[in-house]
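Trainee: Just passing along the structure, written as structure tokens.
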Amino acid sequence: MLTKYQLRTTHLLRRTHILTTGLKHTREELEVSLERTLPLGEQQRTVEVPPSIVDVAEAYIQDDWQVAENTGVVWGARYQWHSRYGFHLTPKVSFAQRLSESLRVRASYGAGYRAPSLKELHFVFDHSNLGYKVLGTPSLSPERTWGLNVGAEFEPVEALDLRVNYFRNRLRNLIQTVFDPIQSSGAVAIYAYDNVGRALTRGIEFGLSAQLGDWLAVNGGYTYLRARDQDAQRDLPGRPRHALRVRAKWKTLREGRLEIKLRRDSAVWADTEGTLRSPAGEEWDVNAEQPLWGPVALRLGIENLLDNRRDLDNPGDLRSLRGRTVRGGLRVQL
């Protein structure tokens with residue numbers, strides 16, 4: 001159970017500053033028990049996760065400063081108290097400037113802090129039917145980061161938007177899910193949460209949105225990522241160096257639609273030791289809806305069109321177990 005209370009105020013100062021301050025309290029509670037009926041009708045209750053409570057109190061301040069007509073600076077800080085991990089301060093500053101009607105640049109630098117949730121500490125995500133299980137780790141430490149982002153947005157014409165962003169993050173005690181080859185079987189992959197003492201992630205992201213006439217819209221992005229465990233001097237597992245996402249949506253006759261999605265990730269290391277390699281993954285999804293008459297429309301969807309899925313004979317294959325899935329039906333709007 002999650003309970004939140006928040007108090008927030010905003011003030012306009014000297015027409016150029018918007019000052020936001022606030023207080024926030026969050027309580028997270030977790031208890032997991034299993035109740036079953038025995039063959040003779042007796043009730044049995046097994047406590048899988050004993051009652052746990054975490055309280056987090058925060059005070060924050062942010063100043064949105066309009067330095068000039070086309071230039072803005074936002075600075076702020078958050079001071080947090082965690083009932084398990086104590087106090088922590090996270091400052092941040094960002095800058096944005098419009099150089100022309102079609103070009104905008106921005107940059108930000110700041111600290112980040114994330115304490116592990118009770119689910120990451122204790123809970124067992126049992127999705128064996130989907131091919132995986134994630135085990136909580138009670139000894140996790142909070143994750144701390146310092147991150148830099150520099151980017152630009154370019155809109156040469158109204159129907160085309162191009163984006164680029166460079167990022168670099170230094171992390172301590174990075175919380176990640178780690179594949180456990182010993183407990184895993186061919187059908188079920190077992191993961192657990194773990195901390196990486198020192199890690200560095202850096203890369204560049206490209207994005208595109210285009211409206212080609214009234215009938216076709218395309219958007220997508222490509223990310224190049226280098227994610228390194230600096231203590232072990234090897235790549236972090238489960239983080240593809242190349243990731244591509246594309247979606248195209250067509251309008252068809254009589255207000256129908258056809259949508260195609262592509263997700264492609266390069267091969268990744270499956271374990272922290274760098275001994276198991278998961279192959280590149282690629283999935284195509286197709287969804288269509290075509291009005292037939294009056295309020296009736298035909299729907300058709302195909303997920304994982306090419307049927308790319310996990311090889312059960314490869315213990316390091318982290319791709320989805322889900323094969324090609326076809327669904328269809330009629331929609332009637334009353």
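By convention here, the chains of the structure tokens are called A, B, ... in the order presented, each chain's residues are numbered starting at 1, and ligands are numbered starting at 1 in the order presented.
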Do you have, as JSON lines, the list of residues of range 81-151 of chain A lying at most 12 Å from range 306-320 of chain A, each with its nearest atom pair and that distance in Å to one decimal, counting only C-alpha atoms and ordered by chain then number?

Mentor:
```
{"residue": "A:Ser128", "atom": "CA", "partner": "A:Ser320", "partner_atom": "CA", "distance": 11.9}
{"residue": "A:Asn129", "atom": "CA", "partner": "A:Ser320", "partner_atom": "CA", "distance": 11.3}
{"residue": "A:Leu130", "atom": "CA", "partner": "A:Ser320", "partner_atom": "CA", "distance": 7.9}
{"residue": "A:Gly131", "atom": "CA", "partner": "A:Ser320", "partner_atom": "CA", "distance": 7.4}
{"residue": "A:Tyr132", "atom": "CA", "partner": "A:Ser320", "partner_atom": "CA", "distance": 9.2}
```

Trainee: Mind listing the strand (DSSP E) residues of range 245-282 of chain A, per DSSP on the backbone, as a list in words?

Mentor: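 Filtering range 245-282 of chain A down to strand (DSSP E) leaves Arg245, Val246, Arg247, Ala248, Lys249, Trp250, Lys251, Thr252, Gly256, Arg257, Leu258, Glu259, Ile260, Lys261, Leu262, Arg263, Arg264, Asp265, Val268, Trp269, Arg277, Ser278, Gly281 and Glu282 of chain A.
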
Trainee: Quick one: pick out all alpha helix (DSSP H) residues within range 51-163 of chain A from a backbone DSSP run and write them as an MDAnalysis selection string.

Mentor: chainID A and resid 118:122

Trainee: Can you tell me which residues surround Arg104 in chain A at a distance of at most 12 Å, considering only C-alpha atoms, apart from same-chain residues fewer than 2 positions away, and format the answer as JSON, numbers by chain?

Mentor: {"A": [70, 71, 72, 95, 96, 97, 98, 99, 100, 101, 102, 106, 107, 150, 151, 152, 153, 154, 155, 156, 161, 162, 163, 164, 165]}

Trainee: Please, which residues in range 58-158 of chain A fall within 8 Å of range 167-184 of chain A when counting only C-alpha atoms, and what is the closest atom pair and distance in Å to one decimal for each, ordered by chain then residue number, as a Markdown table?

Mentor:
```
| residue | atom | partner | partner_atom | distance |
| --- | --- | --- | --- | --- |
| A:Pro116 | CA | A:Ile175 | CA | 7.7 |
| A:Val134 | CA | A:Thr177 | CA | 7.9 |
| A:Leu140 | CA | A:Ile175 | CA | 7.7 |
| A:Ser141 | CA | A:Asn173 | CA | 6.4 |
| A:Pro142 | CA | A:Asn173 | CA | 6.5 |
| A:Glu143 | CA | A:Asn173 | CA | 4.9 |
| A:Arg144 | CA | A:Arg172 | CA | 5.2 |
| A:Thr145 | CA | A:Leu171 | CA | 4.4 |
| A:Trp146 | CA | A:Arg170 | CA | 5.3 |
| A:Gly147 | CA | A:Asn169 | CA | 4.3 |
| A:Leu148 | CA | A:Arg168 | CA | 5.3 |
| A:Asn149 | CA | A:Phe167 | CA | 4.5 |
| A:Val150 | CA | A:Phe167 | CA | 6.6 |
```

Trainee: Write out as a ChimeraX atom specification which residues come within 12 Å of range 32-47 of chain A when counting only C-alpha atoms, dropping same-chain ones fewer than 5 positions away.

Mentor: /A:1,52,118-119,122-125

Trainee: Which residues, written as an MDAnalysis selection string, have at least one atom at most 7 Å from Leu300 in chain A, with only C-alpha atoms counted and residues fewer than 3 positions away on the same chain left out?

Mentor: chainID A and resid 287:289 327:329
